[in-house]
file upload.cif (mmCIF, C-alpha atoms)
data_run
loop_
_atom_site.label_atom_id
_atom_site.label_comp_id
_atom_site.auth_asym_id
_atom_site.auth_seq_id
_atom_site.Cartn_x
_atom_site.Cartn_y
_atom_site.Cartn_z
CA MET D 23 42.20 13.70 3.33
CA GLN D 24 39.25 15.24 5.17
CA LEU D 25 38.62 17.68 2.31
CA SER D 26 38.63 14.90 -0.29
CA ARG D 27 36.08 12.94 1.76
CA HIS D 28 33.74 15.95 1.90
CA LEU D 29 34.16 16.60 -1.82
CA ASP D 30 33.34 12.97 -2.49
CA LYS D 31 30.12 13.23 -0.43
CA GLY D 32 29.21 16.44 -2.21
CA PHE D 33 29.72 14.81 -5.61
CA TRP D 34 27.49 11.82 -4.81
CA ALA D 35 24.83 14.05 -3.19
CA THR D 36 24.79 16.19 -6.35
CA ALA D 37 24.68 13.08 -8.54
CA THR D 38 21.72 11.71 -6.55
CA ASN D 39 19.76 14.94 -7.00
CA ALA D 40 20.65 15.05 -10.71
CA VAL D 41 19.33 11.50 -11.23
CA LYS D 42 16.17 12.32 -9.29
CA ALA D 43 15.62 15.41 -11.44
CA LEU D 44 16.16 13.47 -14.68
CA TYR D 45 13.70 10.78 -13.62
CA GLY D 46 11.23 13.00 -11.78
CA PHE D 47 10.88 15.50 -14.61
CA GLY D 48 11.96 13.64 -17.74
CA VAL D 49 10.10 10.36 -17.27
CA VAL D 50 6.95 11.97 -15.91
CA PHE D 51 6.98 14.53 -18.75
CA TRP D 52 7.21 11.64 -21.21
CA LEU D 53 4.31 9.88 -19.47
CA ILE D 54 2.18 13.01 -19.78
CA VAL D 55 2.86 12.99 -23.53
CA VAL D 56 2.09 9.28 -24.18
CA PHE D 57 -0.37 8.40 -21.40
CA PRO D 58 -4.18 8.75 -21.62
CA LYS D 59 -5.40 11.49 -19.29
CA SER D 60 -7.46 9.20 -17.03
CA ALA D 61 -4.56 6.76 -16.68
CA PHE D 62 -2.14 9.54 -15.79
CA ALA D 63 -4.61 10.93 -13.23
CA ASN D 64 -4.89 7.51 -11.55
CA PHE D 65 -1.12 7.08 -11.55
CA LEU D 66 -0.70 10.55 -10.05
CA ILE D 67 -3.04 9.77 -7.14
CA VAL D 68 -1.40 6.41 -6.35
CA GLN D 69 2.16 7.77 -6.59
CA THR D 70 1.39 10.85 -4.49
CA THR D 71 -0.32 8.75 -1.79
CA TYR D 72 2.63 6.34 -1.68
CA LEU D 73 5.18 9.15 -1.43
CA ILE D 74 3.27 10.81 1.43
CA CYS D 75 2.99 7.54 3.37
CA ALA D 76 6.67 6.68 2.83
CA GLN D 77 7.91 10.12 3.85
CA LEU D 78 5.76 10.38 6.97
CA ILE D 79 6.41 6.83 8.21
CA THR D 80 10.15 7.23 7.69
CA SER D 81 10.30 10.60 9.46
CA PHE D 82 8.29 9.31 12.42
CA SER D 83 10.40 6.15 12.69
CA LEU D 84 13.99 6.93 11.76
CA SER D 85 14.76 10.62 12.25
CA ALA D 86 16.16 9.96 15.72
CA TYR D 87 18.29 7.13 14.32
CA ILE D 88 20.11 9.62 12.08
CA LYS D 89 20.24 12.38 14.71
CA PHE D 90 21.74 10.26 17.50
CA TYR D 91 23.82 7.80 15.48
CA TYR D 92 27.12 9.35 16.60
CA GLU D 93 25.84 10.51 19.98
CA LYS D 94 24.44 7.31 21.53
CA SER D 95 26.88 4.84 23.02
CA ASP D 96 24.53 1.89 22.56
CA ARG D 97 23.73 1.72 18.85
CA VAL D 98 21.97 -1.62 19.28
CA GLU D 99 19.26 0.09 21.34
CA LEU D 100 19.11 2.98 18.89
CA GLN D 101 18.77 0.70 15.87
CA SER D 102 16.26 -1.53 17.66
CA SER D 103 14.02 1.45 18.48
CA GLY D 104 14.18 2.59 14.87
CA ILE D 105 13.32 -0.84 13.49
CA LEU D 106 10.47 -1.28 15.98
CA LEU D 107 8.97 2.09 15.10
CA PHE D 108 9.50 1.60 11.37
CA TRP D 109 7.84 -1.78 11.03
CA GLY D 110 5.27 -1.17 13.78
CA THR D 111 4.14 2.11 12.22
CA SER D 112 4.15 0.60 8.71
CA ILE D 113 1.90 -2.31 9.72
CA ILE D 114 -0.53 -0.11 11.69
CA VAL D 115 -0.79 2.51 8.92
CA PHE D 116 -1.47 0.00 6.16
CA LEU D 117 -3.89 -2.09 8.17
CA MET D 118 -5.89 1.10 8.59
CA PHE D 119 -5.37 1.91 4.90
CA LEU D 120 -6.84 -1.46 3.85
CA LEU D 121 -9.96 -0.65 5.86
CA ILE D 122 -10.54 2.81 4.37
CA TYR D 123 -9.23 2.63 0.80
CA PRO D 124 -12.66 1.93 -0.81
CA TYR D 125 -14.07 5.04 0.90
CA LEU D 126 -10.99 7.05 -0.06
CA GLY D 127 -11.55 5.95 -3.66
CA GLN D 128 -15.12 7.26 -3.56
CA LEU D 129 -13.96 10.56 -2.06
CA ILE D 130 -11.50 11.23 -4.91
CA ASN D 131 -13.75 9.97 -7.72
CA MET D 132 -12.11 6.55 -8.11
CA ASP D 133 -15.32 4.59 -7.48
CA ILE D 134 -14.62 2.09 -10.26
CA GLU D 135 -10.81 2.02 -10.10
CA TYR D 136 -10.42 2.17 -6.30
CA ASP D 137 -8.58 -1.18 -6.37
CA LEU D 138 -5.67 0.75 -7.90
CA LEU D 139 -5.11 2.19 -4.42
CA LEU D 140 -3.89 -1.26 -3.37
CA PHE D 141 -0.72 -0.38 -5.28
CA VAL D 142 0.06 2.04 -2.42
CA PRO D 143 0.84 -0.71 0.16
CA ALA D 144 2.39 -2.82 -2.63
CA LEU D 145 4.78 0.01 -3.52
CA TYR D 146 5.53 0.69 0.12
CA PHE D 147 6.44 -2.84 1.16
CA ALA D 148 8.38 -3.37 -2.07
CA SER D 149 10.44 -0.28 -1.19
CA ALA D 150 10.53 -0.71 2.61
CA ALA D 151 14.04 -2.18 2.72
CA LYS D 152 15.25 0.60 0.42
CA LEU D 153 13.62 3.26 2.62
CA TYR D 154 15.26 1.81 5.73
CA THR D 155 18.73 1.27 4.26
CA ASN D 156 18.74 4.76 2.75
CA GLU D 157 18.38 6.14 6.27
CA VAL D 158 21.28 3.91 7.32
CA PHE D 159 23.35 5.39 4.48
CA LYS D 160 22.47 8.93 5.57
CA ALA D 161 23.40 8.20 9.19
CA THR D 162 26.74 6.63 8.22
CA HIS D 163 27.42 9.17 5.42
CA GLN D 164 27.52 6.45 2.75
CA ILE D 165 26.19 8.83 0.11
CA LYS D 166 27.56 6.78 -2.80
CA ALA D 167 25.52 3.77 -1.65
CA PHE D 168 22.45 6.02 -1.38
CA PHE D 169 23.07 7.16 -4.96
CA LEU D 170 23.39 3.59 -6.24
CA THR D 171 20.07 2.43 -4.77
CA GLU D 172 18.31 5.47 -6.25
CA LEU D 173 20.01 4.92 -9.62
CA VAL D 174 18.95 1.26 -9.77
CA PHE D 175 15.33 2.19 -9.09
CA PHE D 176 15.21 5.05 -11.61
CA ALA D 177 17.12 3.16 -14.32
CA SER D 178 15.25 -0.14 -13.97
CA HIS D 179 11.81 1.49 -13.87
CA SER D 180 12.58 3.71 -16.87
CA THR D 181 13.95 0.75 -18.84
CA MET D 182 10.89 -1.38 -18.10
CA LEU D 183 8.58 1.46 -19.15
CA VAL D 184 10.36 1.88 -22.49
CA ILE D 185 10.20 -1.87 -23.16
CA ILE D 186 6.48 -2.03 -22.35
CA TYR D 187 5.79 1.08 -24.44
CA PHE D 188 7.41 -0.32 -27.58
CA ASN D 189 5.91 -3.79 -27.11
CA SER D 190 2.31 -3.12 -26.15
CA GLY D 191 2.01 0.58 -25.33
CA LEU D 192 1.14 2.33 -22.08
CA HIS D 193 -2.63 2.46 -21.65
CA LYS D 194 -3.46 1.94 -17.97
CA ALA D 195 -2.03 3.08 -14.63
CA GLU D 196 -1.10 -0.56 -13.95
CA ASP D 197 1.29 -0.45 -16.92
CA VAL D 198 3.42 2.03 -14.96
CA LEU D 199 2.74 0.92 -11.39
CA SER D 200 3.51 -2.81 -11.80
CA PRO D 201 7.06 -2.22 -13.12
CA MET D 202 7.49 0.38 -10.37
CA VAL D 203 6.87 -2.33 -7.76
CA ALA D 204 9.48 -4.52 -9.47
CA ALA D 205 11.98 -1.66 -9.61
CA TYR D 206 11.55 -1.00 -5.89
CA VAL D 207 12.20 -4.67 -5.13
CA LEU D 208 15.47 -4.53 -7.12
CA SER D 209 16.66 -1.35 -5.40
CA SER D 210 15.66 -2.75 -1.98
CA LEU D 211 17.74 -5.88 -2.56
CA LEU D 212 20.72 -3.74 -3.56
CA GLY D 213 20.19 -1.52 -0.50
CA VAL D 214 20.25 -4.49 1.87
CA TRP D 215 23.44 -5.79 0.23
CA LEU D 216 25.24 -2.41 0.39
CA ALA D 217 24.16 -1.83 4.01
CA ARG D 218 25.10 -5.31 5.25
CA ASN D 219 28.22 -4.03 7.06
CA TYR D 220 26.39 -1.13 8.74
CA ILE D 221 23.42 -3.04 10.15
CA ILE D 222 23.84 -4.57 13.62
CA TYR D 223 22.32 -8.04 13.62
CA LYS D 224 21.04 -7.83 17.18
CA PHE D 225 17.90 -6.56 18.87
CA LYS D 226 17.79 -4.91 22.29
CA PHE D 227 14.59 -3.24 23.50
CA SER D 228 14.89 -0.13 25.64
CA LEU D 229 11.73 1.70 26.69
CA THR D 230 13.77 4.79 27.59
CA ASN D 231 15.42 4.85 24.16
CA LEU D 232 12.09 4.27 22.46
CA LYS D 233 10.52 7.22 24.30
CA GLN D 234 13.46 9.46 23.38
CA ALA D 235 13.14 8.45 19.74
CA ILE D 236 9.41 9.18 19.69
CA HIS D 237 9.96 12.51 21.45
CA PHE D 238 12.45 13.63 18.80
CA ASN D 239 10.64 12.07 15.83
CA ARG D 240 7.28 13.65 16.57
CA PHE D 241 8.50 17.17 15.83
CA VAL D 242 10.09 16.12 12.52
CA PHE D 243 6.89 14.21 11.74
CA ALA D 244 4.77 17.29 12.48
CA ILE D 245 6.84 19.37 10.07
CA GLY D 246 6.46 16.60 7.48
CA VAL D 247 2.68 16.64 7.91
CA SER D 248 2.49 20.40 7.43
CA ASN D 249 4.79 20.21 4.37
CA ASN D 250 2.67 17.50 2.77
CA ILE D 251 -0.54 19.39 3.43
CA PHE D 252 0.95 22.48 1.85
CA GLU D 253 2.34 20.66 -1.20
CA HIS D 254 -0.20 17.91 -1.94
CA VAL D 255 -3.62 18.74 -0.52
CA ASP D 256 -4.60 20.58 -3.72
CA THR D 257 -4.12 17.38 -5.75
CA TYR D 258 -6.68 15.53 -3.63
CA ILE D 259 -9.14 18.43 -3.61
CA VAL D 260 -8.92 18.70 -7.42
CA ALA D 261 -9.49 14.93 -7.59
CA SER D 262 -12.56 15.27 -5.36
CA PHE D 263 -14.22 18.21 -7.11
CA MET D 264 -13.18 17.70 -10.74
CA ASN D 265 -12.91 14.97 -13.37
CA LYS D 266 -9.89 12.87 -14.40
CA PRO D 267 -8.80 15.05 -17.37
CA ALA D 268 -8.74 18.10 -15.07
CA LEU D 269 -6.65 16.22 -12.51
CA ALA D 270 -4.27 15.09 -15.25
CA LEU D 271 -3.89 18.69 -16.42
CA PHE D 272 -3.21 19.83 -12.86
CA GLY D 273 -0.58 17.11 -12.52
CA ALA D 274 1.06 18.35 -15.71
CA LEU D 275 1.14 21.88 -14.31
CA LYS D 276 2.61 20.76 -10.98
CA LEU D 277 5.37 18.89 -12.78
CA PHE D 278 7.05 22.21 -13.53
CA THR D 279 7.17 23.12 -9.84
CA ARG D 280 9.65 20.24 -9.37
CA ILE D 281 12.24 22.77 -10.51
CA PHE D 282 11.67 24.52 -7.19
CA THR D 283 11.82 21.21 -5.29
CA MET D 284 15.31 20.71 -6.72
CA PHE D 285 16.23 24.24 -5.64
CA ARG D 286 15.05 23.47 -2.08
CA GLN D 287 17.13 20.30 -1.97
CA VAL D 288 20.29 22.10 -3.11
CA VAL D 289 19.77 24.92 -0.60
CA GLY D 290 19.22 22.33 2.14
CA ILE D 291 22.53 20.66 1.32
CA ILE D 292 24.51 23.92 1.16
CA GLY D 293 22.63 26.58 3.13
CA PHE D 294 21.58 24.83 6.33
CA PRO D 295 25.11 23.65 7.31
CA ALA D 296 26.58 27.06 6.41
CA PHE D 297 24.02 29.02 8.46
CA SER D 298 24.46 26.59 11.37
CA ARG D 299 28.22 27.00 11.41
CA LEU D 300 28.17 30.80 11.20
CA HIS D 301 25.58 30.96 13.99
CA SER D 302 27.53 28.57 16.25
CA GLU D 303 30.70 30.65 15.72
CA GLY D 304 28.87 33.88 16.55
CA ARG D 305 29.58 35.44 13.14
CA GLN D 306 26.38 37.45 12.93
CA LYS D 307 27.66 39.86 10.27
CA ASP D 308 28.71 37.01 7.98
CA LEU D 309 25.39 35.26 8.65
CA LYS D 310 23.47 38.31 7.48
CA SER D 311 25.75 38.77 4.48
CA LEU D 312 25.33 35.14 3.40
CA TYR D 313 21.55 35.43 3.65
CA GLU D 314 21.48 38.65 1.62
CA LYS D 315 23.78 37.17 -1.02
CA GLY D 316 21.67 34.00 -1.18
CA ILE D 317 18.47 35.98 -1.68
CA TYR D 318 20.03 38.11 -4.43
CA TYR D 319 21.35 35.20 -6.48
CA ALA D 320 18.27 33.05 -5.87
CA SER D 321 16.08 35.90 -7.12
CA LEU D 322 18.15 36.17 -10.30
CA LEU D 323 18.10 32.42 -10.89
CA LEU D 324 14.46 31.72 -10.09
CA GLY D 325 13.28 34.93 -11.75
CA SER D 326 15.02 33.85 -14.97
CA ILE D 327 13.44 30.37 -14.76
CA VAL D 328 9.97 31.86 -14.19
CA LEU D 329 10.43 34.21 -17.17
CA LEU D 330 11.65 31.35 -19.38
CA VAL D 331 8.68 29.15 -18.51
CA ILE D 332 6.23 32.03 -19.12
CA VAL D 333 7.73 32.66 -22.57
CA PHE D 334 7.66 28.99 -23.62
CA ALA D 335 4.51 27.82 -21.78
CA ASN D 336 2.22 28.01 -24.81
CA PHE D 337 4.78 26.27 -27.02
CA ILE D 338 5.19 23.45 -24.47
CA PHE D 339 1.47 22.79 -24.23
CA ASP D 340 0.52 23.38 -27.89
CA SER D 341 3.47 21.65 -29.58
CA ILE D 342 4.63 18.95 -27.12
CA LEU D 343 1.86 18.24 -24.61
CA THR D 344 -0.71 18.24 -27.39
CA ASN D 345 -3.29 16.37 -25.31
CA TYR D 346 -3.38 19.49 -23.13
CA ALA D 347 -3.16 22.09 -25.91
CA GLY D 348 -4.53 25.54 -25.14
CA ASN D 349 -3.69 25.44 -21.42
CA GLY D 350 -0.33 27.21 -21.46
CA PHE D 351 -1.83 30.26 -19.74
CA PHE D 352 -2.49 28.14 -16.60
CA LEU D 353 1.23 27.40 -16.38
CA GLN D 354 2.10 31.06 -16.93
CA ILE D 355 0.11 31.96 -13.81
CA PHE D 356 1.06 28.91 -11.74
CA ILE D 357 4.81 29.35 -12.25
CA LEU D 358 4.70 32.83 -10.69
CA LEU D 359 4.90 31.23 -7.24
CA GLY D 360 8.58 30.60 -8.07
CA LEU D 361 9.24 34.30 -7.41
CA TRP D 362 8.72 33.67 -3.68
CA VAL D 363 10.37 30.24 -3.37
CA GLY D 364 13.90 31.62 -2.91
CA TRP D 365 12.94 33.91 -0.03
CA GLN D 366 10.94 31.18 1.69
CA THR D 367 13.49 28.39 1.22
CA ILE D 368 16.60 30.33 2.22
CA GLY D 369 14.67 31.85 5.13
CA ASP D 370 13.60 28.42 6.39
CA ASN D 371 17.18 27.12 6.22
CA LEU D 372 18.46 30.15 8.11
CA LEU D 373 15.83 29.68 10.83
CA TYR D 374 16.82 26.02 11.13
CA GLY D 375 20.47 27.07 11.27
CA ILE D 376 19.99 29.54 14.13
CA GLY D 377 17.97 27.00 16.15
CA LYS D 378 14.42 28.20 15.39
CA PRO D 379 12.78 25.12 13.80
CA GLN D 380 9.58 25.77 15.76
CA VAL D 381 9.12 29.01 13.80
CA VAL D 382 9.31 27.07 10.53
CA PHE D 383 6.75 24.57 11.82
CA TYR D 384 4.24 27.16 13.05
CA ASN D 385 4.58 29.17 9.83
CA ARG D 386 3.95 26.07 7.74
CA MET D 387 1.05 24.85 9.86
CA ALA D 388 -0.76 28.19 9.85
CA VAL D 389 -0.41 28.62 6.08
CA SER D 390 -1.32 24.95 5.48
CA ILE D 391 -4.63 25.40 7.31
CA LEU D 392 -5.34 28.46 5.17
CA ASN D 393 -4.27 26.48 2.11
CA ILE D 394 -6.87 23.77 2.79
CA PHE D 395 -9.62 26.34 3.39
CA LEU D 396 -8.87 28.36 0.23
CA ASN D 397 -8.46 25.26 -1.93
CA VAL D 398 -11.83 23.85 -0.91
CA ILE D 399 -13.59 27.17 -1.52
CA LEU D 400 -11.81 28.27 -4.70
CA ILE D 401 -11.51 24.89 -6.43
CA SER D 402 -15.21 24.21 -5.87
CA MET D 403 -15.96 27.62 -7.41
CA TYR D 404 -13.31 28.09 -10.11
CA GLY D 405 -11.74 24.68 -10.71
CA ILE D 406 -8.04 24.59 -11.56
CA THR D 407 -7.92 28.37 -11.63
CA GLY D 408 -8.85 28.30 -7.93
CA ALA D 409 -6.03 25.87 -7.16
CA ILE D 410 -3.52 28.09 -8.99
CA ILE D 411 -4.71 31.22 -7.18
CA THR D 412 -4.48 29.44 -3.83
CA ALA D 413 -0.95 28.18 -4.55
CA ASN D 414 0.27 31.69 -5.37
CA ILE D 415 -1.47 33.37 -2.43
CA THR D 416 -0.31 30.86 0.18
CA MET D 417 3.29 30.76 -1.09
CA PHE D 418 3.38 34.57 -0.99
CA LEU D 419 2.03 34.62 2.58
CA LEU D 420 4.47 31.91 3.68
CA MET D 421 7.32 33.93 2.17
CA LEU D 422 6.18 37.08 4.00
CA SER D 423 5.91 35.29 7.35
CA THR D 424 9.29 33.58 6.97
CA THR D 425 10.99 36.81 5.88
CA TYR D 426 9.49 38.69 8.85
CA PHE D 427 11.01 36.25 11.34
CA VAL D 428 14.34 36.21 9.51
CA ARG D 429 14.55 40.02 9.66
CA LYS D 430 13.54 39.95 13.32
CA ASN D 431 16.42 37.58 14.10
CA ILE D 432 19.28 38.86 11.91
CA GLY D 433 18.21 42.36 10.86
CA PHE D 434 18.96 42.07 7.14
CA THR D 435 18.20 45.05 4.89
CA PHE D 436 16.78 45.23 1.38
CA ARG D 437 19.57 47.67 0.51
CA GLY D 438 22.04 45.01 1.61
CA ILE D 439 20.43 42.50 -0.75
CA TRP D 440 20.50 44.93 -3.68
CA ASN D 441 24.13 45.85 -3.00
CA LYS D 442 25.11 42.24 -3.74
CA HIS D 443 24.92 43.15 -7.42
CA ARG D 444 28.41 44.54 -6.94
CA ASP D 445 29.64 41.03 -6.14
CA LEU D 446 28.17 39.81 -9.41
CA TYR D 447 29.74 42.71 -11.32
CA PHE D 448 33.21 42.09 -9.91
CA PHE D 449 32.88 38.34 -10.44
CA VAL D 450 31.94 38.76 -14.11
CA ASN D 451 34.58 41.44 -14.62
CA ASP D 452 37.35 39.25 -13.13
CA PHE D 453 36.20 36.25 -15.15
CA LEU D 454 36.32 38.23 -18.40
CA LYS D 455 39.80 39.56 -17.62
CA LYS D 456 41.14 36.08 -16.93
CA ASN D 457 39.71 34.76 -20.20
#

call {"tool": "encode", "arguments": {"input": "upload.cif", "output": "structure tokens"}}
result
Amino acid sequence: MQLSRHLDKGFWATATNAVKALYGFGVVFWLIVVFPKSAFANFLIVQTTYLICAQLITSFSLSAYIKFYYEKSDRVELQSSGILLFWGTSIIVFLMFLLIYPYLGQLINMDIEYDLLLFVPALYFASAAKLYTNEVFKATHQIKAFFLTELVFFASHSTMLVIIYFNSGLHKAEDVLSPMVAAYVLSSLLGVWLARNYIIYKFKFSLTNLKQAIHFNRFVFAIGVSNNIFEHVDTYIVASFMNKPALALFGALKLFTRIFTMFRQVVGIIGFPAFSRLHSEGRQKDLKSLYEKGIYYASLLLGSIVLLVIVFANFIFDSILTNYAGNGFFLQIFILLGLWVGWQTIGDNLLYGIGKPQVVFYNRMAVSILNIFLNVILISMYGITGAIITANITMFLLMLSTTYFVRKNIGFTFRGIWNKHRDLYFFVNDFLKKN
């Protein structure tokens, strides 16, 4: 019974990630093909800004709600603190946003179209109920409900885009953003309906509980800030220093790094719990072995993906993304950062698992500061080439720093990683014998 419940959660978690990948890569790839460059650049800025705001507000407001859901005796106080932080932070952030968005538009070369940035609060408040109820689903392990709300958003937005495309075509950022607002409203309504039995319809303010929530949330928020700086600051710097076609091209290049985002999500689902359990049980030898095995197989997988993209990069840009023809060599360089993603991701999850999240945070923050500095200097001098160089350098340095602390804590060896090829040999050999 217990095993079947865990398998069920694993299935719906995998299904959720699969749907996200299909939408996040497939739909955006299609938009790059059919969308004018300037329109795609504007859409990219609005979507990225919305995603950053949503992720940071949610982490600052509701991380403690998930963490303490099964630990606090008074869930009314816990829920009340989460709701207060969520809506309070949302209102404060977007009141400030409404004051600065014209200046932000000027900073990122959206002087004429800066009103498009108003889609950021529109998207947020359309999706607010979905964002909140998804955290409820995570806390209560209702992964199927989480999947359904995501599916409704992805399916409804994709369907609306196809209908608009065949009726009038996609010409402006509004053609994609307006149906996105509608899709978020639909998924929010479904989220509220599915979560109706898990929400406590009472409010009880507790200053002590609120302080505890803020104390826990601030560290998760800080990690979120450093992650967003590391992953998205280059988009805004490219937007500031270069024109819309260049930003659109950079967005097309970054699309292919979503492969590594999917890899991180899968490792987070599998690796973090496994490392945590082995550490709590004192199984240091097995902990080291799992890390070494993870690095070996991740290197094979990601190395193969990098090689595949390098081989087909020119074909993708010259035969499919014809608006960006002749730029395949940028992708061939950019995708090289995937060689370090496995080491960094598995290392981060191990450090979380052995109770060293502060190491992950300080690593990220230090490299993020360097990332900003290098991006400003190199993009202003070399354009997109500078952004690509910065991405590869900083990912390599982050990998080195993470690996150093992992080795310091568990003492893995490079020989141990290489020796895992025997596992692969025996696995393949046994499989061939059975078949």

call {"tool": "closest_residue", "arguments": {"input": "upload.cif", "among": "D:Thr38, D:Ser85, D:Asn393, D:Ser102", "to": "Asn250 (chain D)", "atoms": "all atoms listed in the file"}}
result
D:Asn393

call {"tool": "residues_around", "arguments": {"input": "upload.cif", "residues": "Pro124 (chain D)", "least_positions_apart": "5", "cutoff": "12 Å", "atoms": "all atoms listed in the file", "output": "number ranges by chain"}}
result
D: 118-119, 129-140

call {"tool": "closest_residue", "arguments": {"input": "upload.cif", "among": "D:Met403, D:Asn431, D:Phe282, D:Phe383", "to": "Thr367 (chain D)", "atoms": "all atoms listed in the file"}}
result
D:Phe282

call {"tool": "residues_around", "arguments": {"input": "upload.cif", "residues": "Leu269 (chain D)", "least_positions_apart": "3", "cutoff": "9 Å", "atoms": "all atoms listed in the file", "output": "list in words"}}
result
Lys59, Ser60, Phe62, Ala63, Asn64, Leu66, Thr257, Tyr258, Val260, Ala261, Met264, Asn265, Lys266, Phe272, Gly273, Ala274 and Ile406 of chain D

call {"tool": "resolve_selection", "arguments": {"input": "upload.cif", "expression": "the PyMOL selection byres ((chain D and resi 247) around 10)", "output": "list in words"}}
result
Ile74, Gln77, Leu78, Ser81, Phe241, Val242, Phe243, Ala244, Ile245, Gly246, Ser248, Asn249, Asn250, Ile251, Phe252, Glu253, Phe383, Arg386, Met387 and Ser390 of chain D

call {"tool": "closest_residue", "arguments": {"input": "upload.cif", "among": "D:Phe57, D:Phe176, D:Phe278, D:Phe285", "to": "His193 (chain D)", "atoms": "all atoms listed in the file"}}
result
D:Phe57

call {"tool": "closest_residue", "arguments": {"input": "upload.cif", "among": "D:Ile376, D:Val381, D:Ala270, D:Ile54", "to": "Glu303 (chain D)", "atoms": "all atoms listed in the file"}}
result
D:Ile376

call {"tool": "atom_distance", "arguments": {"input": "upload.cif", "atom1": "CA of Ser341 (chain D)", "atom2": "CA of Trp52 (chain D)"}}
result
13.6 Å

call {"tool": "resolve_selection", "arguments": {"input": "upload.cif", "expression": "the PyMOL selection byres ((chain D and resi 315) around 12)", "output": "JSON, numbers by chain"}}
result
{"D": [293, 308, 309, 310, 311, 312, 313, 314, 316, 317, 318, 319, 320, 321, 322, 364, 365, 368, 434, 435, 436, 437, 438, 439, 440, 441, 442, 443, 444, 445, 446]}

call {"tool": "residues_around", "arguments": {"input": "upload.cif", "residues": "region 187-190 of chain D", "least_positions_apart": "4", "cutoff": "12 Å", "atoms": "all atoms listed in the file", "output": "ChimeraX atom specification"}}
result
/D:52-53,56-57,180-183,194,197-198,201

call {"tool": "closest_residue", "arguments": {"input": "upload.cif", "among": "D:Leu121, D:Ala144, D:Leu153, D:Ala43", "to": "Trp109 (chain D)", "atoms": "all atoms listed in the file"}}
result
D:Leu153

call {"tool": "atom_distance", "arguments": {"input": "upload.cif", "atom1": "CA of Ala61 (chain D)", "atom2": "CA of Leu396 (chain D)"}}
result
27.8 Å

call {"tool": "resolve_selection", "arguments": {"input": "upload.cif", "expression": "the PyMOL selection byres ((chain D and resi 159-165) around 8)", "output": "PyMOL selection string"}}
result
chain D and resi 31+34-35+87-89+91+155-158+166-169+217+220

call {"tool": "axis_aligned_box", "arguments": {"input": "upload.cif", "around": "region 365-378 of chain D", "padding_each_side": "4 Å", "output": "JSON"}}
result
{"center_x": 15.7, "center_y": 30.0, "center_z": 8.1, "size_x": 17.5, "size_y": 15.9, "size_z": 24.2}

call {"tool": "residues_around", "arguments": {"input": "upload.cif", "residues": "region 207-214 of chain D", "least_positions_apart": "2", "cutoff": "8 Å", "atoms": "only C-alpha atoms", "output": "list in words"}}
result
Ala148, Ser149, Ala150, Ala151, Lys152, Leu153, Thr155, Asn156, Ala167, Phe168, Thr171, Glu172, Val174, Phe175, Val203, Ala204, Ala205, Leu216, Ala217 and Arg218 of chain D

call {"tool": "write_last_selection", "arguments": {"input": "upload.cif", "atoms": "C-alpha atoms", "output": "PDB file, in the coordinates of the input"}}
result
ATOM      1  CA  ALA D 148       8.380  -3.370  -2.070  1.00  0.00           C
ATOM      2  CA  SER D 149      10.440  -0.280  -1.190  1.00  0.00           C
ATOM      3  CA  ALA D 150      10.530  -0.710   2.610  1.00  0.00           C
ATOM      4  CA  ALA D 151      14.040  -2.180   2.720  1.00  0.00           C
ATOM      5  CA  LYS D 152      15.250   0.600   0.420  1.00  0.00           C
ATOM      6  CA  LEU D 153      13.620   3.260   2.620  1.00  0.00           C
ATOM      7  CA  THR D 155      18.730   1.270   4.260  1.00  0.00           C
ATOM      8  CA  ASN D 156      18.740   4.760   2.750  1.00  0.00           C
ATOM      9  CA  ALA D 167      25.520   3.770  -1.650  1.00  0.00           C
ATOM     10  CA  PHE D 168      22.450   6.020  -1.380  1.00  0.00           C
ATOM     11  CA  THR D 171      20.070   2.430  -4.770  1.00  0.00           C
ATOM     12  CA  GLU D 172      18.310   5.470  -6.250  1.00  0.00           C
ATOM     13  CA  VAL D 174      18.950   1.260  -9.770  1.00  0.00           C
ATOM     14  CA  PHE D 175      15.330   2.190  -9.090  1.00  0.00           C
ATOM     15  CA  VAL D 203       6.870  -2.330  -7.760  1.00  0.00           C
ATOM     16  CA  ALA D 204       9.480  -4.520  -9.470  1.00  0.00           C
ATOM     17  CA  ALA D 205      11.980  -1.660  -9.610  1.00  0.00           C
ATOM     18  CA  LEU D 216      25.240  -2.410   0.390  1.00  0.00           C
ATOM     19  CA  ALA D 217      24.160  -1.830   4.010  1.00  0.00           C
ATOM     20  CA  ARG D 218      25.100  -5.310   5.250  1.00  0.00           C
TER      21      ARG D 218
END

call {"tool": "residues_around", "arguments": {"input": "upload.cif", "residues": "Asp340 (chain D)", "least_positions_apart": "6", "cutoff": "10 Å", "atoms": "only C-alpha atoms", "output": "list in words"}}
result
Tyr346, Ala347, Gly348, Asn349 and Gly350 of chain D

call {"tool": "atom_distance", "arguments": {"input": "upload.cif", "atom1": "CA of Arg97 (chain D)", "atom2": "CA of Ile113 (chain D)"}}
result
24.0 Å

call {"tool": "closest_residue", "arguments": {"input": "upload.cif", "among": "D:Gly405, D:Gly191, D:Phe339, D:Asp256", "to": "Ala268 (chain D)", "atoms": "all atoms listed in the file"}}
result
D:Gly405
